[in-house]
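Beneath this line is the structure, given in structure tokens, with notes to follow.
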Amino acid sequence: MVLLMRKFVIGGNWKMNRGTAQETKEMLVPFLKAVHTLKNVDIIVAPPFTALQTACDLIKGSMVKIGAQNMYPEVKGAFTGEISPVFLTALGVNWVILGHSERRHIVASETDILIFKKVKAALAAGLTPIVCVGEKLEEREKGNTEEVNRTQFEGSISGLSATEVTKIVIAYEPVWAIGTGKTATPVQAQEVHGFLRNLLTKKYGADIAQQVRIQYGGSVNDKNAKELFSQPDVDGGLVGGASLDPEAFAKICLIAAEIRK
Ligand code: 13P
């Protein structure tokens, strides 16, 4: 088995909180200044579609990459209101968040089958997908955390080939921790990250499983990031609220850079 230092990946998911060109400049200009020396962390900023062009222009020459928050799993066609993966790559977008809990449970009732199709289409277009999984509070309270995460893993990820799975990032985002200020404890996060890596090991073998990065998301901030990111199977974070503050988000990236130099 090859033991490697997986490179941290930090994503900033703006959700629908900022989306104009002006807001994008106000967020990205100070952020890029603060992180411009960091090389050992993958940093992704994911604004709404309306801000992608401005964001792609602003990050030119930096190591920060831009991600979309969703896409449609077809290249072209009669899909009113949807966005093709090739429209994203044409803009200079490299990453895409797929199966976020807000899309699974709030805005779109996305299913594992649909998310899997999106992951395949994203990879085919050359985008790196961040595939989100995570249980709701009532599911955790009923003792179903593992079952829910296994079902989501099996439905939206484990149909990938070994080569494909090394190209994705998994984000474990417990729904009860998103936007609530109730972060999973480092132990709770590690339990599920370890569980997900075990699923990867069973399906793909240890060498492949050790290469796949698993981010934690849910009320990550510059105060709790160090402890969360110090867990052996936590390979960075997907940050919502705190990514709206350029200074706090840069701090989170700096913390990650310090842990795995
Ligand atoms: P918060 O950091 O606001 O809890 O959001 C997490 C998230 O959903 C990132 O995708």
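Labels used: A, B, ... for chains in the order of the structure tokens, numbers from 1 for residues in each chain, and numbers from 1 for ligands as shown.
Note that DSSP on the backbone gives strand (DSSP E or B) to these residues of segment 63-261 of chain A: Lys65, Ile66, Gly67, Ala68, Trp95, Val96, Ile97, Leu98, Thr128, Pro129, Ile130, Val131, Cys132, Val133, Val169, Ile170, Ala171, Tyr172, Arg213, Ile214, Gln215, Tyr216, Gly217, Gly236, Gly237, Leu238 and Val239 of chain A.
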Those in segment 4-247 of chain A with alpha helix (DSSP H) from DSSP, as a VMD selection string: chain A and resid 21 to 35 52 to 58 85 to 91 101 to 102 112 to 125 137 to 141 145 to 156 162 to 165 186 to 204 206 to 209 225 to 229 246 to 247
Selection within 10 Å of ligand 1 by only C-alpha atoms and all ligand atoms, output as a PyMOL selection string: chain A and resi 11-15+46+69+97-102+130+132+171-183+216-221+237-244
Dump N, CA and C atoms for the selected residues as a compact mmCIF listing (two decimals), in the first residue's frame?
```txt
# COMPACT_ATOMS: atom_id res chain seq x y z
N GLY A 11 -12.33 24.57 -0.62
CA GLY A 11 -13.28 25.19 -1.53
C GLY A 11 -14.09 26.25 -0.81
N GLY A 12 -14.37 27.32 -1.52
CA GLY A 12 -15.25 28.35 -0.96
C GLY A 12 -16.54 28.34 -1.79
N ASN A 13 -17.63 27.94 -1.14
CA ASN A 13 -18.93 27.87 -1.83
C ASN A 13 -19.74 29.10 -1.44
N TRP A 14 -19.84 30.03 -2.39
CA TRP A 14 -20.57 31.28 -2.09
C TRP A 14 -22.08 31.07 -2.05
N LYS A 15 -22.54 29.93 -2.52
CA LYS A 15 -23.99 29.66 -2.63
C LYS A 15 -24.66 30.81 -3.40
N ALA A 46 -16.14 29.00 -5.61
CA ALA A 46 -17.32 28.62 -6.40
C ALA A 46 -18.43 29.66 -6.24
N GLN A 69 -21.28 25.75 -9.11
CA GLN A 69 -22.01 25.12 -8.00
C GLN A 69 -22.93 24.01 -8.47
N ILE A 97 -19.10 21.72 -8.09
CA ILE A 97 -19.69 21.08 -6.90
C ILE A 97 -20.94 20.33 -7.36
N LEU A 98 -21.04 19.06 -7.01
CA LEU A 98 -22.20 18.27 -7.43
C LEU A 98 -22.85 17.59 -6.23
N GLY A 99 -24.18 17.52 -6.26
CA GLY A 99 -24.91 16.82 -5.20
C GLY A 99 -24.84 17.51 -3.86
N HIS A 100 -24.71 18.83 -3.86
CA HIS A 100 -24.73 19.54 -2.59
C HIS A 100 -26.06 19.27 -1.88
N SER A 101 -26.05 19.24 -0.56
CA SER A 101 -27.27 18.88 0.17
C SER A 101 -28.40 19.87 -0.12
N GLU A 102 -28.05 21.13 -0.43
CA GLU A 102 -29.12 22.08 -0.74
C GLU A 102 -29.80 21.72 -2.07
N ILE A 130 -16.53 17.97 -7.20
CA ILE A 130 -16.56 17.80 -5.74
C ILE A 130 -17.92 17.19 -5.46
N CYS A 132 -20.74 15.79 -3.10
CA CYS A 132 -21.13 15.94 -1.69
C CYS A 132 -22.00 14.79 -1.21
N ALA A 171 -16.88 15.45 -0.73
CA ALA A 171 -17.08 16.37 0.40
C ALA A 171 -18.10 15.73 1.35
N TYR A 172 -17.66 15.44 2.56
CA TYR A 172 -18.61 14.99 3.58
C TYR A 172 -19.18 16.22 4.24
N GLU A 173 -20.47 16.46 4.02
CA GLU A 173 -21.13 17.63 4.59
C GLU A 173 -22.37 17.17 5.36
N PRO A 174 -22.24 16.95 6.67
CA PRO A 174 -23.43 16.59 7.44
C PRO A 174 -24.43 17.74 7.38
N VAL A 175 -25.65 17.43 6.97
CA VAL A 175 -26.64 18.49 6.70
C VAL A 175 -26.88 19.35 7.95
N TRP A 176 -26.85 18.70 9.13
CA TRP A 176 -27.11 19.40 10.38
C TRP A 176 -26.00 20.38 10.75
N ALA A 177 -24.88 20.30 10.07
CA ALA A 177 -23.76 21.20 10.39
C ALA A 177 -23.65 22.35 9.40
N ILE A 178 -24.47 22.33 8.35
CA ILE A 178 -24.35 23.34 7.29
C ILE A 178 -25.11 24.61 7.66
N GLY A 179 -24.36 25.69 7.77
CA GLY A 179 -24.98 26.99 8.04
C GLY A 179 -25.59 27.11 9.43
N THR A 180 -25.31 26.17 10.29
CA THR A 180 -25.95 26.17 11.61
C THR A 180 -25.00 26.62 12.72
N GLY A 181 -23.70 26.67 12.40
CA GLY A 181 -22.72 26.97 13.45
C GLY A 181 -22.41 25.74 14.29
N LYS A 182 -23.11 24.62 14.01
CA LYS A 182 -22.88 23.37 14.75
C LYS A 182 -21.91 22.50 13.96
N THR A 183 -20.63 22.73 14.13
CA THR A 183 -19.65 21.93 13.39
C THR A 183 -19.63 20.51 13.94
N TYR A 216 -14.11 18.05 4.45
CA TYR A 216 -15.22 18.20 5.40
C TYR A 216 -15.90 19.55 5.14
N GLY A 217 -17.22 19.57 5.20
CA GLY A 217 -17.95 20.84 5.08
C GLY A 217 -19.06 20.92 6.11
N GLY A 218 -19.25 22.09 6.68
CA GLY A 218 -20.30 22.30 7.68
C GLY A 218 -19.77 23.17 8.79
N SER A 219 -20.04 24.50 8.67
CA SER A 219 -19.63 25.48 9.67
C SER A 219 -18.12 25.49 9.94
N VAL A 220 -17.33 25.25 8.90
CA VAL A 220 -15.87 25.40 9.04
C VAL A 220 -15.56 26.89 9.14
N ASN A 221 -14.69 27.25 10.07
CA ASN A 221 -14.25 28.65 10.15
C ASN A 221 -12.77 28.70 10.53
N GLY A 237 -11.37 21.39 3.39
CA GLY A 237 -12.74 21.77 3.74
C GLY A 237 -13.49 22.41 2.59
N LEU A 238 -14.80 22.26 2.64
CA LEU A 238 -15.68 23.00 1.73
C LEU A 238 -16.42 24.00 2.61
N VAL A 239 -16.14 25.27 2.36
CA VAL A 239 -16.51 26.32 3.30
C VAL A 239 -17.62 27.18 2.70
N GLY A 240 -18.69 27.38 3.45
CA GLY A 240 -19.78 28.23 2.99
C GLY A 240 -19.65 29.63 3.58
N GLY A 241 -20.32 29.86 4.70
CA GLY A 241 -20.37 31.18 5.33
C GLY A 241 -19.02 31.86 5.47
N ALA A 242 -18.03 31.16 5.97
CA ALA A 242 -16.72 31.79 6.22
C ALA A 242 -15.99 32.13 4.92
N SER A 243 -16.43 31.56 3.79
CA SER A 243 -15.75 31.90 2.53
C SER A 243 -16.23 33.25 2.00
N LEU A 244 -17.26 33.82 2.65
CA LEU A 244 -17.76 35.14 2.23
C LEU A 244 -16.93 36.27 2.83
```
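If you measure from each of A:His36, A:Ile255, A:Glu138, A:Thr145 to Ser62 of chain A using only C-alpha atoms, the closest one turns out to be A:His36.
Restricting the calculation to only C-alpha atoms, the smallest distance between Val169 of chain A and any of A:Ile214, A:Val45, A:Ile208, A:Leu28 is found for A:Ile214.
Using only C-alpha atoms for every distance, the candidate list A:Thr89, A:Ser156, A:Ser84, A:Asn144 yields A:Ser156 as the residue closest to Ile115 of chain A.
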Shell of 8 Å around Leu127 of chain A, only C-alpha atoms, local chain residues under 4 positions omitted, as a PyMOL selection string: chain A and resi 85+89+93-96+122-123
Who sits within 12 Å of Lys39 of chain A, only C-alpha atoms, same chain under 6 positions skipped, as an MDAnalysis selection string: chainID A and resid 7:9 62:64 253:254 256:258 260:261
Nearest candidate to Thr20 of chain A (options A:Glu154, A:Arg104, A:Asn149, A:Leu52; using only C-alpha atoms):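 Between A:Glu154, A:Arg104, A:Asn149, A:Leu52, the residue approaching Thr20 of chain A most closely is A:Leu52.
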Surrounding residues of Leu58 of chain A excluding itself and chain neighbours under 3 positions, 8 Å, only C-alpha atoms, as a PyMOL selection string: chain A and resi 25+28-29+54-55
Polymer residues at most 12 Å from Ile157 of chain A, only C-alpha atoms, same-chain spacing of 6 or more positions, as a ChimeraX atom specification: /A:98-99,112-120,129-133,149-151,164-171,196,199-200,203-204,212
Of the listed residues A:Met71, A:Ile83, A:Ala124, A:Ala250, that which approaches Glu110 of chain A most closely, counting only C-alpha atoms: A:Met71
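Atom to atom, atom CA of Thr37 of chain A and atom CA of Asn70 of chain A stand 29.1 Å apart.
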Selection near segment 231-233 of chain A, 10 Å with only C-alpha atoms, sequence-local residues under 3 positions removed, as a PyMOL selection string: chain A and resi 5-6+186-187+189-197+210+212-216+226-228+236
Gap from atom CA of Val234 of chain A to atom CA of Ala162 of chain A - Å, one decimal: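 Atom CA of Ala162 of chain A lies at a distance of 20.5 Å from atom CA of Val234 of chain A.
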